[in-house]
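**Q** Here you go, this is coords-v6.cif (mmCIF, C-alpha atoms, pLDDT in the B column; chains and numbers go by the auth columns).
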data_input
#
loop_
_atom_site.group_PDB
_atom_site.id
_atom_site.type_symbol
_atom_site.label_atom_id
_atom_site.label_comp_id
_atom_site.label_asym_id
_atom_site.label_seq_id
_atom_site.Cartn_x
_atom_site.Cartn_y
_atom_site.Cartn_z
_atom_site.B_iso_or_equiv
_atom_site.auth_seq_id
_atom_site.auth_asym_id
ATOM 1 C CA MET A 1 114.358 70.858 96.521 57.00 99 A
ATOM 2 C CA THR A 2 117.253 73.290 96.506 81.00 100 A
ATOM 3 C CA SER A 3 117.360 76.281 98.782 92.00 101 A
ATOM 4 C CA ARG A 4 118.339 79.745 97.582 96.00 102 A
ATOM 5 C CA TYR A 5 121.096 80.159 100.189 98.00 103 A
ATOM 6 C CA ALA A 6 123.830 77.805 101.408 98.00 104 A
ATOM 7 C CA VAL A 7 125.739 77.576 104.684 98.00 105 A
ATOM 8 C CA GLY A 8 128.158 80.499 104.984 98.00 106 A
ATOM 9 C CA ASP A 9 126.339 82.831 102.563 98.00 107 A
ATOM 10 C CA ARG A 10 126.233 86.449 103.702 98.00 108 A
ATOM 11 C CA VAL A 11 122.625 87.646 104.019 98.00 109 A
ATOM 12 C CA ARG A 12 120.730 90.702 105.134 97.00 110 A
ATOM 13 C CA ILE A 13 117.422 90.399 106.962 97.00 111 A
ATOM 14 C CA CYS A 14 114.980 92.540 105.020 95.00 112 A
ATOM 15 C CA ALA A 15 114.008 95.926 106.464 91.00 113 A
ATOM 16 C CA ARG A 16 110.294 95.633 105.696 90.00 114 A
ATOM 17 C CA TYR A 17 107.485 96.904 107.883 88.00 115 A
ATOM 18 C CA ALA A 18 104.107 95.970 106.405 86.00 116 A
ATOM 19 C CA PRO A 19 101.374 95.448 108.997 84.00 117 A
ATOM 20 C CA GLY A 20 100.379 91.825 109.530 88.00 118 A
ATOM 21 C CA HIS A 21 101.448 88.788 111.488 91.00 119 A
ATOM 22 C CA VAL A 22 105.238 88.691 111.136 92.00 120 A
ATOM 23 C CA ARG A 23 107.552 86.371 113.067 92.00 121 A
ATOM 24 C CA THR A 24 110.764 88.183 112.050 94.00 122 A
ATOM 25 C CA PRO A 25 111.634 90.314 115.090 93.00 123 A
ATOM 26 C CA PHE A 26 111.606 94.053 114.590 90.00 124 A
ATOM 27 C CA TYR A 27 115.029 94.587 116.107 92.00 125 A
ATOM 28 C CA VAL A 28 116.904 92.369 113.612 94.00 126 A
ATOM 29 C CA ARG A 29 115.348 93.775 110.440 93.00 127 A
ATOM 30 C CA GLY A 30 118.096 95.344 108.334 93.00 128 A
ATOM 31 C CA ALA A 31 120.854 93.403 110.127 95.00 129 A
ATOM 32 C CA THR A 32 123.525 91.464 108.216 96.00 130 A
ATOM 33 C CA GLY A 33 124.879 88.005 109.093 97.00 131 A
ATOM 34 C CA HIS A 34 125.404 84.612 107.500 98.00 132 A
ATOM 35 C CA ILE A 35 123.581 81.327 107.018 98.00 133 A
ATOM 36 C CA GLU A 36 124.516 79.027 109.908 98.00 134 A
ATOM 37 C CA ARG A 37 122.402 76.107 108.649 98.00 135 A
ATOM 38 C CA VAL A 38 119.671 75.315 106.185 98.00 136 A
ATOM 39 C CA LEU A 39 116.573 74.012 107.953 98.00 137 A
ATOM 40 C CA ASP A 40 113.377 72.445 106.608 97.00 138 A
ATOM 41 C CA LYS A 41 110.480 74.021 104.815 97.00 139 A
ATOM 42 C CA PHE A 42 107.491 75.085 106.887 97.00 140 A
ATOM 43 C CA LEU A 43 104.138 76.705 106.235 96.00 141 A
ATOM 44 C CA ASP A 44 104.474 80.473 106.062 97.00 142 A
ATOM 45 C CA PRO A 45 103.168 81.759 109.421 96.00 143 A
ATOM 46 C CA GLU A 46 102.253 85.085 107.808 96.00 144 A
ATOM 47 C CA ARG A 47 99.657 83.194 105.727 96.00 145 A
ATOM 48 C CA GLU A 48 98.692 80.686 108.423 95.00 146 A
ATOM 49 C CA ALA A 49 97.748 83.674 110.560 95.00 147 A
ATOM 50 C CA PHE A 50 94.917 84.322 108.119 94.00 148 A
ATOM 51 C CA GLY A 51 93.773 80.704 107.890 91.00 149 A
ATOM 52 C CA ILE A 52 95.920 79.475 104.952 92.00 150 A
ATOM 53 C CA ASN A 53 96.807 75.983 106.260 89.00 151 A
ATOM 54 C CA ALA A 54 98.396 74.458 103.128 92.00 152 A
ATOM 55 C CA GLY A 55 100.500 75.206 100.080 96.00 153 A
ATOM 56 C CA THR A 56 102.821 77.851 101.509 97.00 154 A
ATOM 57 C CA GLU A 57 105.872 75.730 102.391 97.00 155 A
ATOM 58 C CA THR A 58 108.783 78.147 102.746 97.00 156 A
ATOM 59 C CA GLN A 59 112.479 77.489 103.337 98.00 157 A
ATOM 60 C CA LEU A 60 113.654 78.315 106.852 98.00 158 A
ATOM 61 C CA TYR A 61 117.282 79.093 107.753 98.00 159 A
ATOM 62 C CA ARG A 62 119.225 79.629 110.940 98.00 160 A
ATOM 63 C CA VAL A 63 121.005 82.974 110.603 98.00 161 A
ATOM 64 C CA ARG A 64 123.931 84.017 112.785 98.00 162 A
ATOM 65 C CA LEU A 65 124.528 87.690 113.608 97.00 163 A
ATOM 66 C CA ASN A 66 127.285 89.334 115.621 96.00 164 A
ATOM 67 C CA GLN A 67 125.865 90.875 118.793 95.00 165 A
ATOM 68 C CA SER A 68 128.323 93.770 118.521 92.00 166 A
ATOM 69 C CA ALA A 69 126.947 94.643 115.084 86.00 167 A
ATOM 70 C CA LEU A 70 123.370 94.513 116.368 90.00 168 A
ATOM 71 C CA TRP A 71 123.814 96.680 119.459 89.00 169 A
ATOM 72 C CA PRO A 72 126.029 99.782 119.205 84.00 170 A
ATOM 73 C CA GLY A 73 127.910 100.133 122.481 89.00 171 A
ATOM 74 C CA TYR A 74 127.657 96.378 123.126 92.00 172 A
ATOM 75 C CA THR A 75 129.860 95.589 126.120 94.00 173 A
ATOM 76 C CA GLY A 76 129.937 91.760 125.878 94.00 174 A
ATOM 77 C CA GLU A 77 132.592 89.648 124.212 95.00 175 A
ATOM 78 C CA PRO A 78 133.330 90.506 120.548 92.00 176 A
ATOM 79 C CA ILE A 79 132.764 86.838 119.603 95.00 177 A
ATOM 80 C CA ASP A 80 129.190 86.866 120.986 97.00 178 A
ATOM 81 C CA THR A 81 126.619 85.918 118.384 97.00 179 A
ATOM 82 C CA LEU A 82 122.846 85.672 118.070 96.00 180 A
ATOM 83 C CA GLU A 83 121.188 82.905 116.042 97.00 181 A
ATOM 84 C CA LEU A 84 117.628 83.068 114.934 96.00 182 A
ATOM 85 C CA GLU A 85 115.417 81.309 112.440 98.00 183 A
ATOM 86 C CA ILE A 86 114.370 83.345 109.441 98.00 184 A
ATOM 87 C CA PHE A 87 112.237 82.438 106.424 98.00 185 A
ATOM 88 C CA GLU A 88 113.736 82.778 102.953 98.00 186 A
ATOM 89 C CA HIS A 89 111.454 85.625 101.883 97.00 187 A
ATOM 90 C CA TRP A 90 112.934 87.720 104.715 97.00 188 A
ATOM 91 C CA LEU A 91 116.516 87.356 103.404 98.00 189 A
ATOM 92 C CA GLU A 92 118.455 89.087 100.650 97.00 190 A
ATOM 93 C CA PRO A 93 122.092 88.610 99.554 97.00 191 A
ATOM 94 C CA ALA A 94 124.568 90.857 101.400 93.00 192 A
ATOM 95 C CA MET B 1 115.332 99.760 121.304 42.00 241 B
ATOM 96 C CA PRO B 2 119.008 100.524 121.572 44.00 242 B
ATOM 97 C CA GLY B 3 120.847 100.431 118.311 47.00 243 B
ATOM 98 C CA THR B 4 117.886 99.625 116.110 51.00 244 B
ATOM 99 C CA PRO B 5 118.103 101.599 112.897 53.00 245 B
ATOM 100 C CA ASP B 6 115.204 103.906 112.231 54.00 246 B
ATOM 101 C CA HIS B 7 114.319 102.839 108.644 55.00 247 B
ATOM 102 C CA GLY B 8 112.173 105.938 108.198 55.00 248 B
ATOM 103 C CA LEU B 9 109.789 104.895 110.956 61.00 249 B
ATOM 104 C CA SER B 10 110.467 107.838 113.230 60.00 250 B
ATOM 105 C CA ARG B 11 106.870 109.021 112.881 62.00 251 B
ATOM 106 C CA GLU B 12 104.952 107.365 115.697 69.00 252 B
ATOM 107 C CA PRO B 13 101.882 106.218 113.675 71.00 253 B
ATOM 108 C CA ALA B 14 104.108 104.376 111.188 71.00 254 B
ATOM 109 C CA ARG B 15 105.963 102.665 114.003 74.00 255 B
ATOM 110 C CA LEU B 16 102.747 101.696 115.814 74.00 256 B
ATOM 111 C CA ILE B 17 101.383 100.020 112.686 77.00 257 B
ATOM 112 C CA ALA B 18 104.629 98.247 111.820 79.00 258 B
ATOM 113 C CA HIS B 19 105.684 97.197 115.298 83.00 259 B
ATOM 114 C CA GLN B 20 103.184 94.645 116.597 82.00 260 B
ATOM 115 C CA PRO B 21 102.651 94.616 120.373 83.00 261 B
ATOM 116 C CA HIS B 22 103.936 91.038 120.882 83.00 262 B
ATOM 117 C CA ASP B 23 107.316 91.860 119.302 87.00 263 B
ATOM 118 C CA VAL B 24 109.110 93.075 122.427 84.00 264 B
ATOM 119 C CA GLY B 25 112.601 91.723 121.682 86.00 265 B
ATOM 120 C CA GLY B 26 115.360 94.241 122.219 83.00 266 B
ATOM 121 C CA GLN B 27 113.261 96.657 124.233 83.00 267 B
ATOM 122 C CA PRO B 28 113.998 97.611 127.830 83.00 268 B
ATOM 123 C CA ASP B 29 111.611 96.101 130.388 85.00 269 B
ATOM 124 C CA GLY B 30 111.395 94.973 134.006 88.00 270 B
ATOM 125 C CA PRO B 31 112.470 91.660 135.537 91.00 271 B
ATOM 126 C CA VAL B 32 110.781 88.446 134.409 88.00 272 B
ATOM 127 C CA ASN B 33 108.367 86.954 136.957 88.00 273 B
ATOM 128 C CA MET B 34 109.544 83.345 137.322 92.00 274 B
ATOM 129 C CA ALA B 35 107.039 82.351 140.023 93.00 275 B
ATOM 130 C CA GLU B 36 105.195 79.055 139.418 92.00 276 B
ATOM 131 C CA HIS B 37 101.488 79.456 138.775 88.00 277 B
ATOM 132 C CA GLU B 38 98.792 76.825 139.305 94.00 278 B
ATOM 133 C CA LEU B 39 96.395 76.883 136.347 95.00 279 B
ATOM 134 C CA SER B 40 92.807 77.747 137.232 96.00 280 B
ATOM 135 C CA PRO B 41 89.894 75.660 135.862 94.00 281 B
ATOM 136 C CA PHE B 42 89.163 78.446 133.370 94.00 282 B
ATOM 137 C CA GLU B 43 92.757 78.388 132.146 97.00 283 B
ATOM 138 C CA LYS B 44 92.741 74.613 131.738 97.00 284 B
ATOM 139 C CA HIS B 45 89.413 74.725 129.861 96.00 285 B
ATOM 140 C CA CYS B 46 90.715 77.501 127.668 96.00 286 B
ATOM 141 C CA HIS B 47 93.914 75.620 126.821 97.00 287 B
ATOM 142 C CA ALA B 48 91.960 72.437 126.017 97.00 288 B
ATOM 143 C CA LEU B 49 89.459 74.323 123.859 96.00 289 B
ATOM 144 C CA LEU B 50 92.193 75.998 121.810 96.00 290 B
ATOM 145 C CA ASP B 51 93.922 72.632 121.320 97.00 291 B
ATOM 146 C CA VAL B 52 90.660 71.168 120.019 97.00 292 B
ATOM 147 C CA LEU B 53 90.120 74.129 117.694 96.00 293 B
ATOM 148 C CA ALA B 54 93.671 73.666 116.347 94.00 294 B
ATOM 149 C CA ALA B 55 93.268 69.876 115.941 94.00 295 B
ATOM 150 C CA HIS B 56 90.138 70.474 113.845 93.00 296 B
ATOM 151 C CA LYS B 57 91.947 73.154 111.802 90.00 297 B
ATOM 152 C CA LEU B 58 89.413 75.767 112.856 94.00 298 B
ATOM 153 C CA VAL B 59 91.833 78.143 114.633 95.00 299 B
ATOM 154 C CA ASN B 60 95.520 77.423 114.073 94.00 300 B
ATOM 155 C CA THR B 61 98.296 78.673 116.360 94.00 301 B
ATOM 156 C CA GLU B 62 99.263 81.550 114.089 95.00 302 B
ATOM 157 C CA GLU B 63 95.650 82.702 113.767 96.00 303 B
ATOM 158 C CA LYS B 64 95.328 82.647 117.536 96.00 304 B
ATOM 159 C CA ARG B 65 98.477 84.749 117.879 95.00 305 B
ATOM 160 C CA ARG B 66 97.345 87.130 115.145 95.00 306 B
ATOM 161 C CA GLY B 67 93.979 87.509 116.852 95.00 307 B
ATOM 162 C CA VAL B 68 95.791 88.518 120.051 95.00 308 B
ATOM 163 C CA GLU B 69 98.076 90.978 118.264 93.00 309 B
ATOM 164 C CA ASP B 70 95.076 92.593 116.560 91.00 310 B
ATOM 165 C CA MET B 71 93.649 93.589 119.957 91.00 311 B
ATOM 166 C CA GLY B 72 96.407 96.134 120.430 88.00 312 B
ATOM 167 C CA GLU B 73 98.822 96.878 123.219 87.00 313 B
ATOM 168 C CA VAL B 74 96.340 98.399 125.709 91.00 314 B
ATOM 169 C CA ILE B 75 93.874 95.480 125.641 93.00 315 B
ATOM 170 C CA ILE B 76 96.635 92.871 125.551 93.00 316 B
ATOM 171 C CA GLY B 77 98.256 94.521 128.583 90.00 317 B
ATOM 172 C CA SER B 78 94.998 94.399 130.548 95.00 318 B
ATOM 173 C CA LEU B 79 94.149 90.726 129.872 96.00 319 B
ATOM 174 C CA THR B 80 95.751 87.618 131.318 94.00 320 B
ATOM 175 C CA TYR B 81 97.411 85.096 129.010 94.00 321 B
ATOM 176 C CA TYR B 82 94.381 82.822 128.667 96.00 322 B
ATOM 177 C CA GLN B 83 91.898 85.681 128.528 96.00 323 B
ATOM 178 C CA ARG B 84 93.789 86.789 125.404 97.00 324 B
ATOM 179 C CA TRP B 85 93.457 83.285 123.946 97.00 325 B
ATOM 180 C CA ALA B 86 89.711 83.195 124.633 96.00 326 B
ATOM 181 C CA ALA B 87 89.102 86.628 123.132 96.00 327 B
ATOM 182 C CA SER B 88 91.241 85.765 120.103 97.00 328 B
ATOM 183 C CA ALA B 89 89.422 82.470 119.480 97.00 329 B
ATOM 184 C CA ALA B 90 86.058 84.251 119.643 96.00 330 B
ATOM 185 C CA LYS B 91 87.296 86.843 117.155 95.00 331 B
ATOM 186 C CA VAL B 92 88.744 84.310 114.675 96.00 332 B
ATOM 187 C CA LEU B 93 85.664 82.031 114.831 97.00 333 B
ATOM 188 C CA ASN B 94 83.511 85.089 114.205 96.00 334 B
ATOM 189 C CA GLU B 95 85.677 86.149 111.233 95.00 335 B
ATOM 190 C CA LYS B 96 85.178 82.697 109.701 95.00 336 B
ATOM 191 C CA GLY B 97 81.438 82.698 110.219 96.00 337 B
ATOM 192 C CA LEU B 98 81.643 79.667 112.523 96.00 338 B
ATOM 193 C CA VAL B 99 80.235 81.559 115.502 96.00 339 B
ATOM 194 C CA THR B 100 78.159 84.712 115.409 97.00 340 B
ATOM 195 C CA THR B 101 78.348 87.575 117.863 95.00 341 B
ATOM 196 C CA GLN B 102 74.686 86.942 118.647 96.00 342 B
ATOM 197 C CA GLU B 103 75.254 83.273 119.513 96.00 343 B
ATOM 198 C CA LEU B 104 78.300 84.071 121.592 95.00 344 B
ATOM 199 C CA GLY B 105 76.590 86.967 123.387 96.00 345 B
ATOM 200 C CA ARG B 106 73.535 84.846 124.262 97.00 346 B
ATOM 201 C CA LYS B 107 75.722 82.008 125.503 96.00 347 B
ATOM 202 C CA MET B 108 77.695 84.416 127.692 95.00 348 B
ATOM 203 C CA VAL B 109 74.442 85.648 129.258 97.00 349 B
ATOM 204 C CA ASP B 110 73.403 82.027 129.922 97.00 350 B
ATOM 205 C CA VAL B 111 76.736 81.125 131.497 94.00 351 B
ATOM 206 C CA ARG B 112 76.681 84.240 133.701 95.00 352 B
ATOM 207 C CA ALA B 113 73.164 83.347 134.902 96.00 353 B
ATOM 208 C CA GLN B 114 74.253 79.775 135.590 95.00 354 B
ATOM 209 C CA LEU B 115 77.278 80.916 137.580 92.00 355 B
ATOM 210 C CA ALA B 116 75.158 83.394 139.565 94.00 356 B
ATOM 211 C CA ALA B 117 72.639 80.615 140.372 95.00 357 B
ATOM 212 C CA GLU B 118 75.454 78.328 141.542 92.00 358 B
ATOM 213 C CA GLU B 119 76.760 81.017 143.882 88.00 359 B
ATOM 214 C CA GLN B 120 73.421 81.399 145.648 83.00 360 B
#
Would you mind writing the file's structure down as structure tokens?

**A**
Amino acid sequence: MTSRYAVGDRVRICARYAPGHVRTPFYVRGATGHIERVLDKFLDPEREAFGINAGTETQLYRVRLNQSALWPGYTGEPIDTLELEIFEHWLEPA
Amino acid sequence: MPGTPDHGLSREPARLIAHQPHDVGGQPDGPVNMAEHELSPFEKHCHALLDVLAAHKLVNTEEKRRGVEDMGEVIIGSLTYYQRWAASAAKVLNEKGLVTTQELGRKMVDVRAQLAAEEQ
């Protein structure tokens, strides 16, 4: 199965705020970074949270963001990054 | 949340609905308590019960977490970790019709009576 994004692709984490069980942290929604690696497919936790235990396999990626872009006034090193794992339906091309 | 864009969520009710209580990343808070903690018998029972419920696909991990989040920040903040698990499991089993409030309530009365008898 092919994934929608490849290593190095620029992506934006969607700025969506529907109520529900969401594993995409609030503070990274709307942030832009790139695909660091393509992971496996996993059941969608947003559906598992309501008892859907099969049929929702969703591509997961590791996304790398620059800390300085995430936190205005960031005082750490400019090369500091944050990596986190994001499902495909939470990404859009940037 | 320093630096987090607003995304039109400046009205407090919108933010409260969108921002689930478990999602604390990026927010200021106090120091983390790193002290070791011996699990009580209740906590061990609770952990074992939730593992059994997950193994039988009755309450999966995400349902358990969702059940905790649904309780809201005030209740979550007043319960211990395993008390949250127990309350969440009761809620999810009730939602699925696997346990009724009546059954659970009667059993809780029985257990309380048993514990009181043991103390005497």

**Q** Can you turn the PyMOL selection byres ((chain A and resi 121-128) around 7) into a concrete residue list for this file, as a VMD selection string?

**A** (chain A and resid 110 to 113 119 to 120 129 to 130 184) or (chain B and resid 244 259 263 265 to 266)

**Q** Sort by chain and increasing residue number a table of all residues of chain A within 8 Å of stretch 305-310 of chain B, each with its closest pair of atoms and their distance in Å to one decimal, counting only C-alpha atoms, and write it as a Markdown table.

**A**
| residue | atom | partner | partner_atom | distance |
| --- | --- | --- | --- | --- |
| A:Gly118 | CA | B:Arg306 | CA | 7.9 |
| A:His119 | CA | B:Arg306 | CA | 5.7 |
| A:Ala147 | CA | B:Arg306 | CA | 5.8 |
| A:Phe148 | CA | B:Arg306 | CA | 7.9 |

**Q** Find the residues near B:Ala294: any atom within 12 Å, counting only C-alpha atoms, skip ones fewer than 4 places away on the same chain, and give them as a short mmCIF file (atom, residue, chain, number, x, y, z; two decimals) with C-alpha atoms, in the frame of the given file.

**A**
data_model
loop_
_atom_site.label_atom_id
_atom_site.label_comp_id
_atom_site.auth_asym_id
_atom_site.auth_seq_id
_atom_site.Cartn_x
_atom_site.Cartn_y
_atom_site.Cartn_z
CA GLU A 146 98.69 80.69 108.42
CA GLY A 149 93.77 80.70 107.89
CA ASN A 151 96.81 75.98 106.26
CA HIS B 287 93.91 75.62 126.82
CA ALA B 288 91.96 72.44 126.02
CA LEU B 289 89.46 74.32 123.86
CA LEU B 290 92.19 76.00 121.81
CA LEU B 298 89.41 75.77 112.86
CA VAL B 299 91.83 78.14 114.63
CA ASN B 300 95.52 77.42 114.07
CA THR B 301 98.30 78.67 116.36
CA GLU B 302 99.26 81.55 114.09
CA GLU B 303 95.65 82.70 113.77
CA LYS B 304 95.33 82.65 117.54
CA ALA B 329 89.42 82.47 119.48
CA VAL B 332 88.74 84.31 114.68
CA LEU B 333 85.66 82.03 114.83
#

**Q** Interatomic distance between atom CA of A:Gly171 and atom CA of A:Glu190?

**A** 26.2 Å

**Q** Going by the chain IDs and residue numbers used in this file, which residues fall under the PyMOL selection byres ((chain A and resi 138-141) around 8)? Write them as a list in words.

**A**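 When the PyMOL selection byres ((chain A and resi 138-141) around 8) is applied, the selected residues are Val136, Leu137, Asp142, Pro143, Arg145, Glu146, Asn151, Ala152, Gly153, Thr154, Glu155, Thr156, Gln157, Leu158 and Tyr159 of chain A.
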
**Q** Here is a test: counting only C-alpha atoms, which residue of B:Arg352, B:Lys297, B:Gly270, B:His285 is nearest to chain A?

**A** B:Lys297

**Q** To one decimal in Å, tell me the separation between atom CA of A:Gly106 and atom CA of A:Ile133.

**A** 5.1 Å

**Q** Which one of A:Ile177, A:Leu189, A:Leu182, A:Ala116 sits closest to chain B if you count only C-alpha atoms?

**A**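 The shortest atom-to-atom distance to chain B comes from A:Ala116.
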
**Q** What separation in Å, quoted to one decimal, exists between atom CA of A:Val109 and atom CA of A:Ile150?

**A**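 Straight-line distance from atom CA of A:Val109 to atom CA of A:Ile150 works out to 27.9 Å.
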
**Q** Taking the file as shown, find all residues satisfying the PyMOL selection byres ((chain A and resi 134) around 7) and write them as a count of residues only.

**A** 8

**Q** For each of B:Asn334, B:Gln267, B:Ser328, B:Thr320, take the minimum atom-to-atom distance to chain A, counting only C-alpha atoms, then give the residue where this is smallest.

**A**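 Checking each candidate against chain A, we get B:Gln267 as the closest.
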
**Q** Restricting the calculation to only C-alpha atoms: of A:Pro117, A:Glu144, A:Gly131, A:Glu181, which residue gets closest to B:Pro253?

**A**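 Ranking A:Pro117, A:Glu144, A:Gly131, A:Glu181 by distance to B:Pro253, first place goes to A:Pro117.
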
**Q** Considering all atoms listed in the file, can you say which of A:Asp107, A:Tyr115, A:Ser101, A:Phe185 comes closest to chain B?

**A**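 Nearest candidate to chain B out of A:Asp107, A:Tyr115, A:Ser101, A:Phe185: A:Tyr115.
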
**Q** Missing atoms in stretch 135-154 of chain A: can you complete it with N, CA and C atoms, as a PDB file, in the frame of the given file?

**A**
ATOM      1  N   ARG A 135     122.844  77.408 109.175  1.00 98.00           N
ATOM      2  CA  ARG A 135     122.402  76.107 108.649  1.00 98.00           C
ATOM      3  C   ARG A 135     121.108  76.277 107.868  1.00 98.00           C
ATOM      4  N   VAL A 136     120.899  75.330 106.987  1.00 98.00           N
ATOM      5  CA  VAL A 136     119.671  75.315 106.185  1.00 98.00           C
ATOM      6  C   VAL A 136     118.718  74.357 106.872  1.00 98.00           C
ATOM      7  N   LEU A 137     117.554  74.828 107.236  1.00 98.00           N
ATOM      8  CA  LEU A 137     116.573  74.012 107.953  1.00 98.00           C
ATOM      9  C   LEU A 137     115.560  73.429 106.951  1.00 98.00           C
ATOM     10  N   ASP A 138     114.427  73.009 107.445  1.00 97.00           N
ATOM     11  CA  ASP A 138     113.377  72.445 106.608  1.00 97.00           C
ATOM     12  C   ASP A 138     112.510  73.544 106.007  1.00 97.00           C
ATOM     13  N   LYS A 139     111.510  73.091 105.279  1.00 97.00           N
ATOM     14  CA  LYS A 139     110.480  74.021 104.815  1.00 97.00           C
ATOM     15  C   LYS A 139     109.282  73.903 105.746  1.00 97.00           C
ATOM     16  N   PHE A 140     108.660  75.034 106.005  1.00 97.00           N
ATOM     17  CA  PHE A 140     107.491  75.085 106.887  1.00 97.00           C
ATOM     18  C   PHE A 140     106.443  75.997 106.258  1.00 97.00           C
ATOM     19  N   LEU A 141     105.194  75.797 106.685  1.00 96.00           N
ATOM     20  CA  LEU A 141     104.138  76.705 106.235  1.00 96.00           C
ATOM     21  C   LEU A 141     104.492  78.128 106.652  1.00 96.00           C
ATOM     22  N   ASP A 142     104.174  79.071 105.789  1.00 97.00           N
ATOM     23  CA  ASP A 142     104.474  80.473 106.062  1.00 97.00           C
ATOM     24  C   ASP A 142     103.526  80.994 107.152  1.00 97.00           C
ATOM     25  N   PRO A 143     104.057  81.327 108.330  1.00 96.00           N
ATOM     26  CA  PRO A 143     103.168  81.759 109.421  1.00 96.00           C
ATOM     27  C   PRO A 143     102.402  83.043 109.097  1.00 96.00           C
ATOM     28  N   GLU A 144     102.945  83.842 108.182  1.00 96.00           N
ATOM     29  CA  GLU A 144     102.253  85.085 107.808  1.00 96.00           C
ATOM     30  C   GLU A 144     100.936  84.779 107.090  1.00 96.00           C
ATOM     31  N   ARG A 145     100.887  83.602 106.410  1.00 96.00           N
ATOM     32  CA  ARG A 145      99.657  83.194 105.727  1.00 96.00           C
ATOM     33  C   ARG A 145      98.793  82.344 106.661  1.00 96.00           C
ATOM     34  N   GLU A 146      99.446  81.486 107.443  1.00 95.00           N
ATOM     35  CA  GLU A 146      98.692  80.686 108.423  1.00 95.00           C
ATOM     36  C   GLU A 146      97.875  81.588 109.334  1.00 95.00           C
ATOM     37  N   ALA A 147      98.423  82.746 109.646  1.00 95.00           N
ATOM     38  CA  ALA A 147      97.748  83.674 110.560  1.00 95.00           C
ATOM     39  C   ALA A 147      96.405  84.132 110.024  1.00 95.00           C
ATOM     40  N   PHE A 148      96.201  83.957 108.713  1.00 94.00           N
ATOM     41  CA  PHE A 148      94.917  84.322 108.119  1.00 94.00           C
ATOM     42  C   PHE A 148      94.213  83.077 107.560  1.00 94.00           C
ATOM     43  N   GLY A 149      94.538  81.912 108.170  1.00 91.00           N
ATOM     44  CA  GLY A 149      93.773  80.704 107.890  1.00 91.00           C
ATOM     45  C   GLY A 149      94.247  79.897 106.693  1.00 91.00           C
ATOM     46  N   ILE A 150      95.399  80.246 106.089  1.00 92.00           N
ATOM     47  CA  ILE A 150      95.920  79.475 104.952  1.00 92.00           C
ATOM     48  C   ILE A 150      96.763  78.329 105.523  1.00 92.00           C
ATOM     49  N   ASN A 151      96.196  77.118 105.557  1.00 89.00           N
ATOM     50  CA  ASN A 151      96.807  75.983 106.260  1.00 89.00           C
ATOM     51  C   ASN A 151      97.566  75.029 105.341  1.00 89.00           C
ATOM     52  N   ALA A 152      97.715  75.374 104.050  1.00 92.00           N
ATOM     53  CA  ALA A 152      98.396  74.458 103.128  1.00 92.00           C
ATOM     54  C   ALA A 152      98.972  75.255 101.962  1.00 92.00           C
ATOM     55  N   GLY A 153     100.003  74.670 101.341  1.00 96.00           N
ATOM     56  CA  GLY A 153     100.500  75.206 100.080  1.00 96.00           C
ATOM     57  C   GLY A 153     101.467  76.369 100.178  1.00 96.00           C
ATOM     58  N   THR A 154     101.935  76.680 101.372  1.00 97.00           N
ATOM     59  CA  THR A 154     102.821  77.851 101.509  1.00 97.00           C
ATOM     60  C   THR A 154     104.185  77.444 102.062  1.00 97.00           C
TER      61      THR A 154
END
